[in-house]
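Undergrad: The structure that follows is given in the form of structure tokens.
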Amino acid sequence: MTIQGILIGLGCVVVLSSAARVKKFPSYVEKCHQSDVEFSTCILKAIQLVKPHLKTGIPEFRLPKMDPLVLPEVGIDAGAGFIAKFENVEIYDADKFVIRRFDINLDQNKIKFDLTFPHIRIKAHYSIFGKVLFFNLDGSGPADGNITDCRVIATVNGERYFNQDKQHMKLSEIVIEDMNFGNPNFHFYELFRNNPELTEQTNRILNANMEELLNDLRPTVEQTIGKTVLEFIGRVFARFSIEELFPK
Ligand SMILES: *[C@@H]1O[C@H](CO)[C@@H](O)[C@H](O)[C@H]1NC(C)=O
């Protein structure tokens, strides 16, 4: 084989391997440059442009459709013999968040955000067993809930790693600094299968105490929301290197 042949051969390999790695950025987003003095403002603007596309999913970011967001199972074990399980959880309108802050600090590998979900609807199949307030519950059926003005303030901590010589940020943990459930209203159908009246009554009392109940379940709810947010943002950072996301 001649030198020329080898060079052409090498050229092909390089072209092929780089073609396989071409990753398209969504055409409607402009990249924010690290050197931009208005870096945070630029990120906020970019998120606003991305937002309308979250509903159906963003293939370039490997993001699945977000309306509804589907979680196969959310388990709650609040101790003291109280166990709840939510299956096939469908979360509607989570893509219609209002964003007040989304600061990405690349030097510290930290993201701080402040998001409000004006209205979220949740549908699931629940099973509840144990003592709640003064009820001994042992029921399962469809659950339907609305939450308004749910605010989440959190910090995501990341770390750098290399993938094919490019630096990426792995989002390793999320620390929820503040979470407000706003105004929750839930309905648990068939709580007492043969007693619709008691079911209605119990639902009324549960809802009257929902904020307090959710507070008791706070660790699980925070963990679930935290994991979901991490998974979403994490996909973008896994797919693109720091340099590809935020050119110098
Ligand atoms: C949630 O809101 C929808 C409409 O916005 C309503 O039809 C449904 O009954 C509500 N569910 C509960 C449990 O309040």
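Each chain in the structure tokens gets a letter, A, B, ..., in the order shown, and its residues are numbered from 1; ligands are numbered from 1 in order too.
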Could the residues of chain A that have an atom at most 7 Å from ligand 1 be listed as a tab-separated table, each with its closest atom pair and the distance in Å to one decimal, counting only C-alpha atoms and all ligand atoms and ordered by chain and ascending residue number?

TA:
residue	atom	partner	partner_atom_place_in_ligand_line	distance
A:Arg121	CA	ligand 1	1 (C)	6.2
A:Asp144	CA	ligand 1	13 (C)	4.8
A:Gly145	CA	ligand 1	13 (C)	4.3
A:Asn146	CA	ligand 1	1 (C)	4.8
A:Asn185	CA	ligand 1	14 (O)	5.1
A:Phe186	CA	ligand 1	13 (C)	4.2
A:His187	CA	ligand 1	13 (C)	4.4

Undergrad: For A:Ser27, list every protein, DNA or RNA residue within 12 Å, evaluated using only C-alpha atoms, and leave out those in the same chain fewer than 4 positions away; present the list as a list in words.

TA: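 Within the cut-off, the hits are Lys23, Lys31, Ala46, Leu49, Val50, His53, Ile58, Pro59, Glu60 and Phe61 of chain A.
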
Undergrad: Can you tell me, as a PyMOL selection string, what residues are no more than 10 Å from A:Met66 when counting only C-alpha atoms, ignoring any on the same chain fewer than 5 positions away?

TA: chain A and resi 53-58+90-96+232

Undergrad: Can you list, as a ChimeraX atom specification, every protein, DNA or RNA residue that comes within 12 Å of A:His168 when you count only C-alpha atoms, leaving out same-chain residues fewer than 5 positions away?

TA: /A:106,109,158-163,234-246

Undergrad: Can I get the selected residues back with N, CA and C atoms, as an mmCIF file, in the first residue's frame?

TA:
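Once everything was written out, this is selection-v8.cif:
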data_model
loop_
_atom_site.group_PDB
_atom_site.id
_atom_site.type_symbol
_atom_site.label_atom_id
_atom_site.label_comp_id
_atom_site.auth_asym_id
_atom_site.auth_seq_id
_atom_site.Cartn_x
_atom_site.Cartn_y
_atom_site.Cartn_z
ATOM 1 N N LEU A 106 -20.000 27.037 35.592
ATOM 2 C CA LEU A 106 -19.152 25.988 35.015
ATOM 3 C C LEU A 106 -17.888 25.753 35.829
ATOM 4 N N ASN A 109 -19.067 23.686 38.691
ATOM 5 C CA ASN A 109 -19.921 22.563 38.291
ATOM 6 C C ASN A 109 -21.239 22.550 39.063
ATOM 7 N N GLY A 158 -22.435 18.901 40.130
ATOM 8 C CA GLY A 158 -21.920 18.018 39.092
ATOM 9 C C GLY A 158 -20.435 17.789 39.234
ATOM 10 N N GLU A 159 -19.922 16.918 38.391
ATOM 11 C CA GLU A 159 -18.481 16.703 38.346
ATOM 12 C C GLU A 159 -18.083 16.459 36.894
ATOM 13 N N ARG A 160 -16.816 16.757 36.605
ATOM 14 C CA ARG A 160 -16.350 16.600 35.224
ATOM 15 C C ARG A 160 -15.884 15.176 34.977
ATOM 16 N N TYR A 161 -16.082 14.747 33.742
ATOM 17 C CA TYR A 161 -15.488 13.474 33.316
ATOM 18 C C TYR A 161 -15.179 13.588 31.827
ATOM 19 N N PHE A 162 -14.357 12.690 31.351
ATOM 20 C CA PHE A 162 -14.007 12.719 29.942
ATOM 21 C C PHE A 162 -14.735 11.624 29.188
ATOM 22 N N ASN A 163 -15.255 11.984 28.026
ATOM 23 C CA ASN A 163 -15.838 10.997 27.133
ATOM 24 C C ASN A 163 -15.248 11.284 25.756
ATOM 25 N N GLY A 234 -29.749 16.056 32.995
ATOM 26 C CA GLY A 234 -28.591 15.178 32.834
ATOM 27 C C GLY A 234 -28.435 14.641 31.424
ATOM 28 N N ARG A 235 -29.554 14.373 30.766
ATOM 29 C CA ARG A 235 -29.504 13.841 29.403
ATOM 30 C C ARG A 235 -28.809 14.816 28.459
ATOM 31 N N VAL A 236 -29.093 16.105 28.629
ATOM 32 C CA VAL A 236 -28.499 17.122 27.763
ATOM 33 C C VAL A 236 -26.988 17.161 27.982
ATOM 34 N N PHE A 237 -26.576 17.119 29.252
ATOM 35 C CA PHE A 237 -25.153 17.199 29.573
ATOM 36 C C PHE A 237 -24.411 15.909 29.212
ATOM 37 N N ALA A 238 -25.127 14.792 29.198
ATOM 38 C CA ALA A 238 -24.484 13.537 28.820
ATOM 39 C C ALA A 238 -24.252 13.506 27.309
ATOM 40 N N ARG A 239 -25.188 14.066 26.568
ATOM 41 C CA ARG A 239 -25.112 14.004 25.110
ATOM 42 C C ARG A 239 -24.060 14.957 24.565
ATOM 43 N N PHE A 240 -23.993 16.150 25.139
ATOM 44 C CA PHE A 240 -23.061 17.164 24.633
ATOM 45 C C PHE A 240 -21.966 17.463 25.649
ATOM 46 N N SER A 241 -20.774 17.695 25.139
ATOM 47 C CA SER A 241 -19.679 18.084 26.029
ATOM 48 C C SER A 241 -19.910 19.537 26.445
ATOM 49 N N ILE A 242 -19.176 19.954 27.468
ATOM 50 C CA ILE A 242 -19.264 21.334 27.949
ATOM 51 C C ILE A 242 -18.983 22.311 26.799
ATOM 52 N N GLU A 243 -17.924 21.987 26.047
ATOM 53 C CA GLU A 243 -17.496 22.840 24.939
ATOM 54 C C GLU A 243 -18.565 22.926 23.835
ATOM 55 N N GLU A 244 -19.261 21.798 23.601
ATOM 56 C CA GLU A 244 -20.305 21.779 22.572
ATOM 57 C C GLU A 244 -21.551 22.552 23.031
ATOM 58 N N LEU A 245 -21.822 22.488 24.310
ATOM 59 C CA LEU A 245 -22.989 23.201 24.831
ATOM 60 C C LEU A 245 -22.709 24.692 24.955
ATOM 61 N N PHE A 246 -21.536 24.978 25.511
ATOM 62 C CA PHE A 246 -21.180 26.367 25.789
ATOM 63 C C PHE A 246 -19.799 26.661 25.220
#

Undergrad: Could you tell me which of A:Ile128, A:Leu171, A:Leu69, A:Ile47 comes closest to A:Ile99 if we count only C-alpha atoms?

TA: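 Result for the nearest residue to A:Ile99: A:Ile47.
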
Undergrad: Hey, can you check how far atom CA of A:Asp67 sits from atom CA of A:Val98?

TA: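 Straight-line distance from atom CA of A:Asp67 to atom CA of A:Val98 works out to 15.5 Å.
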
Undergrad: Would you pick out the contacts of A:Asp138 at 12 Å or less, using only C-alpha atoms, so that residues sharing its chain but fewer than 5 positions from it are not included, and give the list as a count of residues only?

TA: 18

Undergrad: Can you list every residue in stretch 26-59 of chain A that DSSP puts in helix (DSSP H, G or I), as a ChimeraX atom specification?

TA: /A:39-54,59

Undergrad: Would you mind exporting the chosen residues as a PDB file, in the first residue's frame, restricted to N, CA and C atoms?

TA:
ATOM      1  N   PHE A  39     -24.118  35.613  30.356  1.00  0.00           N
ATOM      2  CA  PHE A  39     -24.252  34.165  30.204  1.00  0.00           C
ATOM      3  C   PHE A  39     -25.584  33.650  30.786  1.00  0.00           C
ATOM      4  N   SER A  40     -25.899  34.066  32.013  1.00  0.00           N
ATOM      5  CA  SER A  40     -27.129  33.602  32.669  1.00  0.00           C
ATOM      6  C   SER A  40     -28.382  34.031  31.913  1.00  0.00           C
ATOM      7  N   THR A  41     -28.373  35.274  31.443  1.00  0.00           N
ATOM      8  CA  THR A  41     -29.525  35.775  30.674  1.00  0.00           C
ATOM      9  C   THR A  41     -29.681  34.974  29.397  1.00  0.00           C
ATOM     10  N   CYS A  42     -28.547  34.669  28.774  1.00  0.00           N
ATOM     11  CA  CYS A  42     -28.551  33.892  27.535  1.00  0.00           C
ATOM     12  C   CYS A  42     -29.144  32.505  27.780  1.00  0.00           C
ATOM     13  N   ILE A  43     -28.759  31.871  28.888  1.00  0.00           N
ATOM     14  CA  ILE A  43     -29.284  30.542  29.229  1.00  0.00           C
ATOM     15  C   ILE A  43     -30.798  30.609  29.431  1.00  0.00           C
ATOM     16  N   LEU A  44     -31.233  31.622  30.168  1.00  0.00           N
ATOM     17  CA  LEU A  44     -32.674  31.773  30.403  1.00  0.00           C
ATOM     18  C   LEU A  44     -33.426  31.894  29.088  1.00  0.00           C
ATOM     19  N   LYS A  45     -32.858  32.688  28.192  1.00  0.00           N
ATOM     20  CA  LYS A  45     -33.486  32.898  26.886  1.00  0.00           C
ATOM     21  C   LYS A  45     -33.541  31.566  26.114  1.00  0.00           C
ATOM     22  N   ALA A  46     -32.448  30.822  26.178  1.00  0.00           N
ATOM     23  CA  ALA A  46     -32.383  29.536  25.477  1.00  0.00           C
ATOM     24  C   ALA A  46     -33.447  28.575  26.017  1.00  0.00           C
ATOM     25  N   ILE A  47     -33.605  28.560  27.338  1.00  0.00           N
ATOM     26  CA  ILE A  47     -34.608  27.668  27.939  1.00  0.00           C
ATOM     27  C   ILE A  47     -36.017  28.066  27.484  1.00  0.00           C
ATOM     28  N   GLN A  48     -36.246  29.371  27.384  1.00  0.00           N
ATOM     29  CA  GLN A  48     -37.566  29.827  26.903  1.00  0.00           C
ATOM     30  C   GLN A  48     -37.827  29.337  25.476  1.00  0.00           C
ATOM     31  N   LEU A  49     -36.775  29.279  24.683  1.00  0.00           N
ATOM     32  CA  LEU A  49     -36.930  28.816  23.299  1.00  0.00           C
ATOM     33  C   LEU A  49     -37.137  27.303  23.236  1.00  0.00           C
ATOM     34  N   VAL A  50     -36.530  26.610  24.178  1.00  0.00           N
ATOM     35  CA  VAL A  50     -36.628  25.148  24.217  1.00  0.00           C
ATOM     36  C   VAL A  50     -37.993  24.709  24.762  1.00  0.00           C
ATOM     37  N   LYS A  51     -38.497  25.487  25.688  1.00  0.00           N
ATOM     38  CA  LYS A  51     -39.720  25.142  26.442  1.00  0.00           C
ATOM     39  C   LYS A  51     -40.902  24.645  25.600  1.00  0.00           C
ATOM     40  N   PRO A  52     -41.283  25.359  24.524  1.00  0.00           N
ATOM     41  CA  PRO A  52     -42.453  24.900  23.765  1.00  0.00           C
ATOM     42  C   PRO A  52     -42.256  23.521  23.128  1.00  0.00           C
ATOM     43  N   HIS A  53     -40.994  23.085  23.014  1.00  0.00           N
ATOM     44  CA  HIS A  53     -40.705  21.804  22.361  1.00  0.00           C
ATOM     45  C   HIS A  53     -40.669  20.641  23.357  1.00  0.00           C
ATOM     46  N   LEU A  54     -40.696  20.966  24.655  1.00  0.00           N
ATOM     47  CA  LEU A  54     -40.607  19.918  25.672  1.00  0.00           C
ATOM     48  C   LEU A  54     -41.835  19.010  25.662  1.00  0.00           C
ATOM     49  N   PRO A  59     -35.609  15.362  20.315  1.00  0.00           N
ATOM     50  CA  PRO A  59     -34.707  14.262  19.952  1.00  0.00           C
ATOM     51  C   PRO A  59     -33.230  14.673  20.005  1.00  0.00           C
TER      52      PRO A  59
END

Undergrad: Tell me which protein, DNA and RNA residues are within 6 Å of A:His119, counting only C-alpha atoms, leaving out same-chain ones fewer than 2 positions away, and put them as an NGL selection string.

TA: :A and (117 or 147-148)

Undergrad: Tell me, which residues of stretch 72-125 of chain A carry DSSP strand (DSSP E or B), written as a PyMOL selection string?

TA: chain A and resi 72-77+83-92+98-105+110-125

Undergrad: Between atom CA of A:Leu137 and atom CA of A:Gln201, measure the distance and give it in Å to one decimal.

TA: 13.1 Å

Undergrad: Of the residues A:Thr202, A:Gln223, A:Thr116, A:Gln108, which is the one nearest to A:Val175, using only C-alpha atoms?

TA: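 Comparing A:Thr202, A:Gln223, A:Thr116, A:Gln108 against A:Val175, the winner is A:Gln223.
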
Undergrad: When you count only C-alpha atoms, which of these residues is closest to A:Pro118: A:Leu217, A:Val89, A:Val152, A:Cys32?

TA: A:Val152

Undergrad: For A:Glu212, find every residue with an atom within 12 Å (counting only C-alpha atoms), except residues of its own chain fewer than 6 positions away, and show them as an NGL selection string.

TA: :A and (132-133 or 180-184 or 205-206 or 218)

Undergrad: How would the residues just chosen look if you wrote them out with N, CA and C atoms as a PDB file, in the first residue's frame?

TA:
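The new file out.pdb reads:
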ATOM      1  N   VAL A 132     -53.407   7.036  58.311  1.00  0.00           N
ATOM      2  CA  VAL A 132     -53.221   8.408  57.859  1.00  0.00           C
ATOM      3  C   VAL A 132     -54.200   9.265  58.640  1.00  0.00           C
ATOM      4  N   LEU A 133     -53.676  10.305  59.290  1.00  0.00           N
ATOM      5  CA  LEU A 133     -54.511  11.089  60.202  1.00  0.00           C
ATOM      6  C   LEU A 133     -55.157  10.096  61.176  1.00  0.00           C
ATOM      7  N   ASN A 180     -42.298  24.296  47.626  1.00  0.00           N
ATOM      8  CA  ASN A 180     -43.589  24.719  48.110  1.00  0.00           C
ATOM      9  C   ASN A 180     -44.644  24.031  47.267  1.00  0.00           C
ATOM     10  N   PHE A 181     -45.588  23.368  47.904  1.00  0.00           N
ATOM     11  CA  PHE A 181     -46.562  22.615  47.134  1.00  0.00           C
ATOM     12  C   PHE A 181     -47.759  23.450  46.698  1.00  0.00           C
ATOM     13  N   GLY A 182     -47.781  24.702  47.098  1.00  0.00           N
ATOM     14  CA  GLY A 182     -48.883  25.556  46.690  1.00  0.00           C
ATOM     15  C   GLY A 182     -50.200  25.007  47.177  1.00  0.00           C
ATOM     16  N   ASN A 183     -51.094  24.803  46.218  1.00  0.00           N
ATOM     17  CA  ASN A 183     -52.451  24.449  46.575  1.00  0.00           C
ATOM     18  C   ASN A 183     -52.827  23.067  46.037  1.00  0.00           C
ATOM     19  N   PRO A 184     -52.644  22.009  46.831  1.00  0.00           N
ATOM     20  CA  PRO A 184     -52.915  20.670  46.303  1.00  0.00           C
ATOM     21  C   PRO A 184     -54.355  20.203  46.541  1.00  0.00           C
ATOM     22  N   ILE A 205     -61.518  15.143  54.042  1.00  0.00           N
ATOM     23  CA  ILE A 205     -60.650  15.364  55.204  1.00  0.00           C
ATOM     24  C   ILE A 205     -59.172  15.298  54.801  1.00  0.00           C
ATOM     25  N   LEU A 206     -58.848  14.350  53.918  1.00  0.00           N
ATOM     26  CA  LEU A 206     -57.461  14.268  53.428  1.00  0.00           C
ATOM     27  C   LEU A 206     -57.061  15.578  52.760  1.00  0.00           C
ATOM     28  N   ARG A 218     -42.653  14.737  52.390  1.00  0.00           N
ATOM     29  CA  ARG A 218     -41.703  15.615  51.711  1.00  0.00           C
ATOM     30  C   ARG A 218     -40.439  14.919  51.208  1.00  0.00           C
TER      31      ARG A 218
END

Undergrad: When you draw a straight line from atom CA of A:Gly139 to atom CA of A:Ala124, how long is it in Å?

TA: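 Straight-line distance from atom CA of A:Gly139 to atom CA of A:Ala124 works out to 13.7 Å.
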